[in-house]
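Trainee: Pasting a structure below so you can have a look.
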Amino acid sequence: MQGPEVRIGALSAPLQLKESEEVVFAGQQETQPQAGVIPAEHQVLSALETGDRVLLDDGKLELMITAIKPQIRARVLQGGVLHSRKV
């Protein structure tokens, strides 16, 4: 079953996501674009739970949520290059 699709915000530069790497999600209003942080819609982030799979860039990239607090962290299952404003 497909996981939630997350629309991301502006990135400071395209982000290379590598398999097994850990990344951090942040609300779009909470952060300025910065390396290693994926800005996303707050409504979607608040609904995520540990173990959820998240798809980015029309399902080309897949991540699994590993922690919710203190930050939303995810492990990359299927990597690739992530660009700004992708779903």
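By order in the structure tokens, chains are A, B, ...; within a chain, residues start at 1; ligands start at 1, following the order shown.
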Taking 5 positions as the minimum chain separation for residues in the same chain, which residues sit within 7 Å of stretch 17-22 of chain A when counting only C-alpha atoms? Answer as a VMD selection string.
Mentor: chain A and resid 73 to 81
Trainee: Taking 3 positions as the minimum chain separation for residues in the same chain, which residues sit within 12 Å of stretch 44-48 of chain A when counting only C-alpha atoms? Answer as a PyMOL selection string.
Mentor: chain A and resi 3-8+24-28+38-41+51-54+63-69+71-74+87
Trainee: Taking the DSSP secondary structure from the backbone, can you list the residues of chain A that are alpha helix (DSSP H), as a list in words?
Mentor: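 So, restricting chain A to alpha helix (DSSP H), we get His42, Gln43, Val44, Leu45, Ser46 and Ala47 of chain A.
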